[in-house]
Each structure stands twice: as C-alpha cells, then as structure tokens.
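> Just dropping this structure here.
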Amino acid sequence: PWLERASRREEQFFIGLFLLSTCMPYLNRWFGEVWGQCFWNEYHMLWNFAGYIGYVVLAHYIRFYIIPEWSRSKRLCVGLIATIVGAAITIYSFYVQAIPGVVHSTSVIELGWAFCTINCVLFTFGAFLVFTCIERDSVPGLIADMSQMSFGIYLVHLFWLGLFVLIFKTNMALPTVAAIPVISLATFLGSYL
C-alpha cells in the first residue's frame with residue numbers, strides 16, 4: 001500500500017537507506033557493532049529499511065521509473081555491468097576470506113554472499129535490469145512451470161544438496177571450482193524433478 005502512494009523521491013530515500021543497511025554486515029565485520037546495535041536488532045534504526053523488503057521497493061522502482069525512462073540497450077548495458085561487478089565482488093570476498101587450513105565460522109565465511117549485502121544487491125539490480133530486456137509475448141512453458149514450482153524447489157533443495165555434495169565432492173573428489181557448478185545444477189534439476 002505504501003508503494004501505491006509513495007513519490008519517486010520517497011522511494012529513492014527508502015532505497016538509499018536500504019543500500020546503507022546492506023553495508024552494515026561489512027561495517028560489523030571490521031568495526032563491530034555500530035550505531036547502537038545489539039544481538040536482537042541487527043540493523044538498529046534502519047530496521048524498517050533493511051532486509052528483503054528493500055528488494056521489493058527496488059523492483060518497484062525499476063518497473064515504474066527506470067523501464068519507462070531508460071532504453072533497452074541502456075538497461076542491458078548497465079544491468080550486465082552491475083551483475084558482473086556484483087558477482088566479482090562476491091567471488092573475490094570469498095577467496096579473500098577462505099584461507100586454506102583456517103577454520104572460519106559460518107557467519108564470517110558467508111559474509112560475501114549474504115543476501116542483504118551491497119554486492120548481492122548490486123548483482124540483483126543488474127539481473128533485474130537484464131530481465132527487463134527480454135521481450136516476449138508469452139512465457140515459455142518450461143519457464144512458467146519452473147516459476148510455479150519455485151517455492152517448492154526452494155523448500156526441497158536441501159534434501160538434494162547433501163546427496164550431491166557426497167557424490168560429486170566426496171566420492172568423485174571433483175575440485176571445488178568444478179564441484180560447485182555441478183552440485184548446483186544437479187541440485188536444481190533434482191529439486192525441479
């Protein structure tokens with residue numbers, strides 16, 4: 001309901017605070033708790049602007065302000081650059097932190113691909129823009145089918161993930177650089193089926 005009444009400037013303000021909140025995990029990593037945070041309130045005063053709701057507002061902004069104003073080629077160019085930069089930062093952050101032989105806590109090692117970090121928002125923004133460049137009159141049947149099953153795929157993927165890690169990483173001993181995409185694809189296909 002708020003998005004129906006919000007002005008462009010109000011959405012921009014919300015998105016700005018959302019982007020600031022996506023930097024907080026990195027600030028916490030390097031500086032500890034900031035802005036009076038505590039264990040039960042991760043985002044302190046930005047609580048209402050943080051988390052997945054920011055993606056909804058960002059998608060709305062793209063739909064109602066960027067798509068009508070930007071050409072298809074501009075959206076594609078900006079989208080590809082944002083996606084590549086966001087992915088590169090995410091991958092780089094993992095390789096910087098994942099030191100062989102050093103045991104890290106999950107929160108430390110997964111910081112680079114936490115869903116509400118600035119690099120993941122940049123990647124997602126780029127992907128949203130690239131998707132807006134698809135011009136089709138109808139949705140292909142396979143895509144529509146996967147879309148209808150997406151929540152179920154999400155719910156069941158953990159059942160398959162462990163099996164495929166055992167098969168491809170443990171039993172077949174694939175190197176990590178090959179195992180991750182193979183496990184991802186097998187998990188998605190197994191979950192979809």
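Going through the structure tokens in order, the chains are called A, B, and so on, while each chain numbers its residues from 1 and the ligands are numbered from 1 in the order shown.
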Would you mind listing what lies within 12 Å of segment 93-105 of chain A as a list in words, with only C-alpha atoms counted and same-chain residues fewer than 2 positions away left out?

Tyr26, Arg29, Gly86, Ala87, Ala88, Ile89, Thr90, Ile91, Ser107, Val108, Ile109, Glu110, Leu111, Gly112, Trp113, Ala114, Thr117, Asn119, Cys120 and Val177 of chain A

> Name the closest residue to Val156 of chain A among the candidates A:Cys116, A:Ile62, A:Met45, A:Leu193; distances are taken between atoms, counting only C-alpha atoms.

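Going through A:Cys116, A:Ile62, A:Met45, A:Leu193 one by one, the smallest distance to Val156 of chain A is for A:Leu193.
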
> Point out the residue among A:Cys38, A:Ile134, A:Met146, A:Ile15 with the least atom-to-atom distance to Tyr61 of chain A, counting only C-alpha atoms.

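So, comparing all the options, the nearest one is A:Ile15.
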
> One number please: atom CA of Leu174 of chain A to atom CA of Leu155 of chain A, in Å, one decimal.

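So the two atoms, atom CA of Leu174 of chain A and atom CA of Leu155 of chain A, lie 26.3 Å apart.
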
> Expressed in Å to a single decimal, how great is the separation between atom CA of Lys74 of chain A and atom CA of Ala127 of chain A?

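Taking atom CA of Lys74 of chain A as the start and atom CA of Ala127 of chain A as the end point, the length is 13.5 Å.
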
> May I ask which of the residues A:Gly32, A:Leu58, A:Gly141, A:Tyr92 is the closest one to Gly126 of chain A, counting only C-alpha atoms?

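Answer, going by the shortest atom-to-atom distance: A:Leu58.
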
> What is the atom CA of Arg72 of chain A to atom CA of Cys133 of chain A distance in Å?

5.8 Å

> From segment 59-193 of chain A, collect each residue whose DSSP state is alpha helix (DSSP H) and return the set as a PyMOL selection string.

chain A and resi 59-61+67-69+72-97+106-109+118-131+141-165+176-192

> Excluding Ser73 of chain A and residues on its chain fewer than 5 positions from it, collect all residues at most 10 Å away from it, counting only C-alpha atoms, and give them as a PyMOL selection string.

chain A and resi 78-79+130+133

> Suppose we keep C-alpha atoms; can you now write the selection as a PDB file, in the first residue's frame?


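Result file is out09.pdb:
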```pdb
ATOM      1  CA  VAL A  78      24.012  -1.127 -17.026  1.00  0.00           C
ATOM      2  CA  GLY A  79      22.464  -4.444 -15.993  1.00  0.00           C
ATOM      3  CA  VAL A 130      18.766  -7.591 -17.742  1.00  0.00           C
ATOM      4  CA  CYS A 133      15.253  -6.529 -21.721  1.00  0.00           C
TER       5      CYS A 133
END
```
